[in-house]
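Enquirer: The structure's right below; bear with me while I get my questions together.
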Amino acid sequence: MEKRLKSEDKKLSYQKRKGYCAWLLLLPMLVGLLIVAVWPLSYTFFYAFTDASLSTLSNYTFIGFDNFWVNDKGYWYGLVADPLWWHSVWNTIVFAIGSVAIEILLGTIIALVMHTKFIGCSLFRAAMLIPWTIPTVVSAKIWTWMLHDQYGLINYLLIKLRLIANPIAWLADHNFTMLTVILVDSWKTSPFVAMLILAGLQMLPNDCYEAAKVDGIHPIKVFFGITLPLIRPALTVAVLFRLLEALRVFDVVYIMTGNAESTMTMSVYARQNLVDFQDLGYGSAASTMLFIVIFFIIVLCLAMMRADVMKEVR
Amino acid sequence: MFIENEVFLIFRKGQVLQIKIVHTIAILVIFTNSMVIPQSIGSYAKENNKLSISCGAVGIELKLCNAAVEIWSKNNGVKVEIIPTPNSSAERMAMYQQILANQSNDIDIMQVDVVWPRLLSAHTIDLHEYDPDAGKGHFREIIQNNTVDDKLLALPWWTELGLLYYRKDLLKKYHFSLPSTWEEMRTTAKAIMEKERAAGNRNIWGYVWQGRNYEGLTCNALEWLVSYGGGTIVDNDGKSTINNQQAVKALQMAASWIGDITPKGVLNYDEEESRGVFQSGNAVFMRNWSYAWALLQSKDSPVRDKVGVVVLPKGGANGNHTSTLGGWNLSVSKYSKNPRLAVDLVKFLTNPAQQKLRAMYAYNPTYPQLYEDTELLEINPFFSIIKQALSKAVFRPSARVDEYYNRLSYQFWSAIHNILSGEKDPGFALLRLENSLNHIKRHHGRL
């Protein structure tokens, strides 16, 4: 009896040791994260409660929540009271939902095409990734030129095809700007989503499909009944990845439309305050809010996905 | 005993070893010290004779900067490093801010925009401290603009201003004379545009300018306001003057151009995009800075010798001709290790002889005397127009507001952009703009 207890004790300490070892191995990475992520992030949180300016960094006072909301002679000021901030939150959400939806749809279709075997399919697979490999700065600039209302290729083609009578100012007309930016972003990132889904597709067992074939089930039914449920994990990963990126989008928007209100996202808003207006405090407050909004949305998404999976399990 | 001896020996050996180590370290320290000392003197001397300057790289700017700096460098035996900067002025500002916020001495001399002296005032030196005569002979208005709290923070290098470019050949073809008011410009532009389109030139427009959401729109809109006598956004105390009838009139006029004589795409055009449309022959009139002249007249330009330039039109018969003043200056960083040398280089680069050289490449001098220079007038007939426009030019209100000029300008151009795109009615938009401008002033740049 005593012996058995002792051996169990030993086992536990072995487990413990294993745990310590894991922590030890993780330590360098944790220190790295502390330096490059936690430290700057906490600095941002810290500045959010000051009135620091970029021109006089060392001169600041604590102003509490004044950057977020403050009542001055009956008027509310601060981030929460700024309609432009909420407008940029709204823009970010529209951008994220729009681009992720289009990317998942396009990515799935591309992945399905890629999954079939045809002559030159490996060449096609490599070529598909080109938009993803071009730096966003470059591709956004190329699109800006192609979308130009006077000498842009897109308008020229659309007019030649008689789809439109007069050139459309894609990046100036506030009815089109957001749509244009979403489409350009989808062009760039759909290949990435397609890659993730393709990886999922290639892991699928063949027997389900053979069974379906024997039973003579319609391909569309096969897709919705077999393929889609089976690639769900891959889809979930793709949606999460893309959603995280889309919510902090900056480059494509800033390059194509600058600080324009109609497409201003949270990151563009924060940058404008930090850099253009030199208002480190207010800009940090905006960055903090950006962090909170993204955190909130992602937690919500994860909870929804989890609930979904739980339902399935039951 | 034997063992003791052994131990003793070992002990002694250790001691000897210790002594040896101490000796080696001492020798090494002395040796390295003797090496370090002359080296540090050397690097100090080198540092003392080294400057870095940031020059723009738009067009032939960098080449001219290189050539001029080389001459000074040879004469003074000082090595000068030229640091390339981004073309976009907003990005350039961001780069300076990053460097200056760290109090870094990476850049000694900075090329700064006319609206920046106050924004960067915490980081630049008073040039008068090193030379009480600095700034003499330049246009007084520019020196005033560059002076903050009685400190001269930048010396003017060249000046830019808004001008009206027009197609000489088209005006002649349809027998139109040069418009002197915006209203005349509009009728002329529309008539020529319609006739040219009927003749098969389907892509032609009447008037292009800069309507993107950026500083350039502030410059364009300020010209409309001043030409109608609608004020200069804020008064001398920084209080808003924007909400007035003349301003509403000016903006109603500009908004009515869009889709009529101006393509809707202008709402996303910057300088180069409007020049692209005009230079490819697709516009009758264009508002642009003086830099465009040299490019429009370049060898491969489709509109070469078909272009004329004139001061911008008046707002109605009782209005004013005007143009917004831009241009670049040189400032010396507070964190420079060699401010005296840096000031000397700045003085050299901005002296009349250097500016005359640059004037040959359409970089407008900042000395009134150079506009009388017969040699220059002969080479560049365009000079007399510049001189005329300079006498009527206005500054953006950057010197009148504290650090918050960028915020003010942003509020201004956003409101204007909303009016131009038809999202907001001018009267209502200006009323809201006035509220937010006064609010910015009260909160010293905070919203």
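Starting from 1 in every chain, residues are counted up; chains themselves are A, B, ... following the order of the structure tokens, and ligands are numbered from 1 as listed.
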Could the residues of chain B within 6 Å of chain A, counting only C-alpha atoms, be given as a list in words, please?
Expert: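 Close to chain A, chain B has Asn213, Gly265, Leu267, Asn268, Asn406, Arg407 and Leu447 of chain B.
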Enquirer: May I have the selected residues written with N, CA and C atoms, as a PDB file, in the first residue's frame?
Expert:
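Saved the output as result.pdb:
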```pdb
ATOM      1  N   ASN B 213      -9.487  64.306 -49.924  1.00  0.00           N
ATOM      2  CA  ASN B 213      -9.510  64.564 -48.483  1.00  0.00           C
ATOM      3  C   ASN B 213      -8.106  64.762 -47.963  1.00  0.00           C
ATOM      4  N   GLY B 265     -14.557  62.518 -60.119  1.00  0.00           N
ATOM      5  CA  GLY B 265     -13.336  61.919 -59.587  1.00  0.00           C
ATOM      6  C   GLY B 265     -12.385  62.911 -58.946  1.00  0.00           C
ATOM      7  N   LEU B 267     -12.806  64.572 -56.561  1.00  0.00           N
ATOM      8  CA  LEU B 267     -12.914  64.447 -55.106  1.00  0.00           C
ATOM      9  C   LEU B 267     -11.897  63.467 -54.536  1.00  0.00           C
ATOM     10  N   ASN B 268     -11.153  62.786 -55.413  1.00  0.00           N
ATOM     11  CA  ASN B 268     -10.044  61.957 -54.934  1.00  0.00           C
ATOM     12  C   ASN B 268      -8.724  62.301 -55.632  1.00  0.00           C
ATOM     13  N   ASN B 406      -3.162  71.150 -37.782  1.00  0.00           N
ATOM     14  CA  ASN B 406      -3.547  69.951 -38.549  1.00  0.00           C
ATOM     15  C   ASN B 406      -4.982  69.536 -38.254  1.00  0.00           C
ATOM     16  N   ARG B 407      -5.365  69.682 -36.996  1.00  0.00           N
ATOM     17  CA  ARG B 407      -6.735  69.313 -36.626  1.00  0.00           C
ATOM     18  C   ARG B 407      -7.728  70.284 -37.259  1.00  0.00           C
ATOM     19  N   LEU B 447     -10.541  67.356 -28.790  1.00  0.00           N
ATOM     20  CA  LEU B 447     -11.970  67.222 -29.105  1.00  0.00           C
ATOM     21  C   LEU B 447     -12.683  66.525 -27.948  1.00  0.00           C
TER      22      LEU B 447
END
```
Enquirer: Identify, on the basis of only C-alpha atoms, every residue whose closest approach to Pro426 (chain B) does not exceed 7 Å; exclude the query and any residue fewer than 2 positions from it along the same chain; express the result as an NGL selection string.
Expert: :B and (248 or 251-252 or 419 or 424 or 428-430)
Enquirer: Go ahead and dump the residues you just picked, C-alpha atoms, as a PDB file, in the first residue's frame.
Expert:
```pdb
ATOM      1  CA  VAL B 248     -21.399  80.066 -48.634  1.00  0.00           C
ATOM      2  CA  LEU B 251     -18.595  76.990 -51.833  1.00  0.00           C
ATOM      3  CA  GLN B 252     -21.916  76.839 -53.666  1.00  0.00           C
ATOM      4  CA  ILE B 419     -20.228  70.070 -49.324  1.00  0.00           C
ATOM      5  CA  LYS B 424     -24.220  68.449 -46.873  1.00  0.00           C
ATOM      6  CA  PHE B 428     -25.492  73.974 -42.578  1.00  0.00           C
ATOM      7  CA  ALA B 429     -21.996  72.507 -43.006  1.00  0.00           C
ATOM      8  CA  LEU B 430     -20.321  75.866 -42.359  1.00  0.00           C
TER       9      LEU B 430
END
```
Enquirer: For CA of Lys172 (chain B) and CA of Met193 (chain B), quote the distance in Å rounded to one decimal.
Expert: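 A separation of 13.6 Å between them.
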Enquirer: For region 270-280 of chain B, work out the shell of residues within 8 Å, counting only C-alpha atoms and skipping chain neighbours fewer than 4 positions away, then give it as a count of residues only.
Expert: 19
Enquirer: Can you tell me which residues surround Val58 (chain B) at a distance of at most 10 Å, considering only C-alpha atoms, apart from same-chain residues fewer than 2 positions away, and format the answer as a list in words?
Expert: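 My reading of the contact set: Cys55, Gly56, Ile60, Glu61, Leu62, Lys63, Thr85, Pro86, Asn87 and Ser88 of chain B.
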Enquirer: Using only C-alpha atoms, which residues sit within 8 Å of Trp85 (chain A) once same-chain residues fewer than 4 positions away are excluded, as a ChimeraX atom specification?
Expert: /A:79-80,89,266,269
Enquirer: Go ahead and save the residues from that selection, with C-alpha atoms, as a compact mmCIF listing (two decimals), in the first residue's frame.
Expert:
```txt
# COMPACT_ATOMS: atom_id res chain seq x y z
CA LEU A 79 -13.92 59.67 -27.85
CA VAL A 80 -17.28 58.29 -26.79
CA VAL A 89 -16.30 51.81 -35.74
CA MET A 266 -10.70 52.64 -36.31
CA TYR A 269 -8.82 57.29 -36.91
```
Enquirer: In Å, with one decimal, what is the gap from CA of Val268 (chain A) to CA of Ser287 (chain A)?
Expert: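 Interatomic distance, CA of Val268 (chain A) to CA of Ser287 (chain A): 10.1 Å.
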Enquirer: Find the distance between CA of Lys168 (chain B) and CA of Thr366 (chain B) and write it in Å to one decimal.
Expert: 28.7 Å
Enquirer: With a distance cut-off of 7 Å and only C-alpha atoms, select the neighbouring residues of Glu103 (chain A), excluding the residue or stretch itself and same-chain residues fewer than 2 positions from it, and output the selection as a list of chain:residue names.
Expert: A:Ser99, A:Val100, A:Ala101, A:Leu105, A:Leu106, A:Gly107, A:Ser186, A:Thr189, A:Ser190, A:Val193
Enquirer: Looking at only C-alpha atoms, which of A:Leu84, A:Ala126, A:Cys301, A:Val237 is the one that sits closest to Gly200 (chain A)?
Expert: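 Closest residue, counting only C-alpha atoms: A:Val237.
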Enquirer: Region 122-228 of chain A: which residues are helix (DSSP H, G or I) by DSSP, as a ChimeraX atom specification?
Expert: /A:122-128,130-133,136-146,153-160,177-202,207-215,219-228
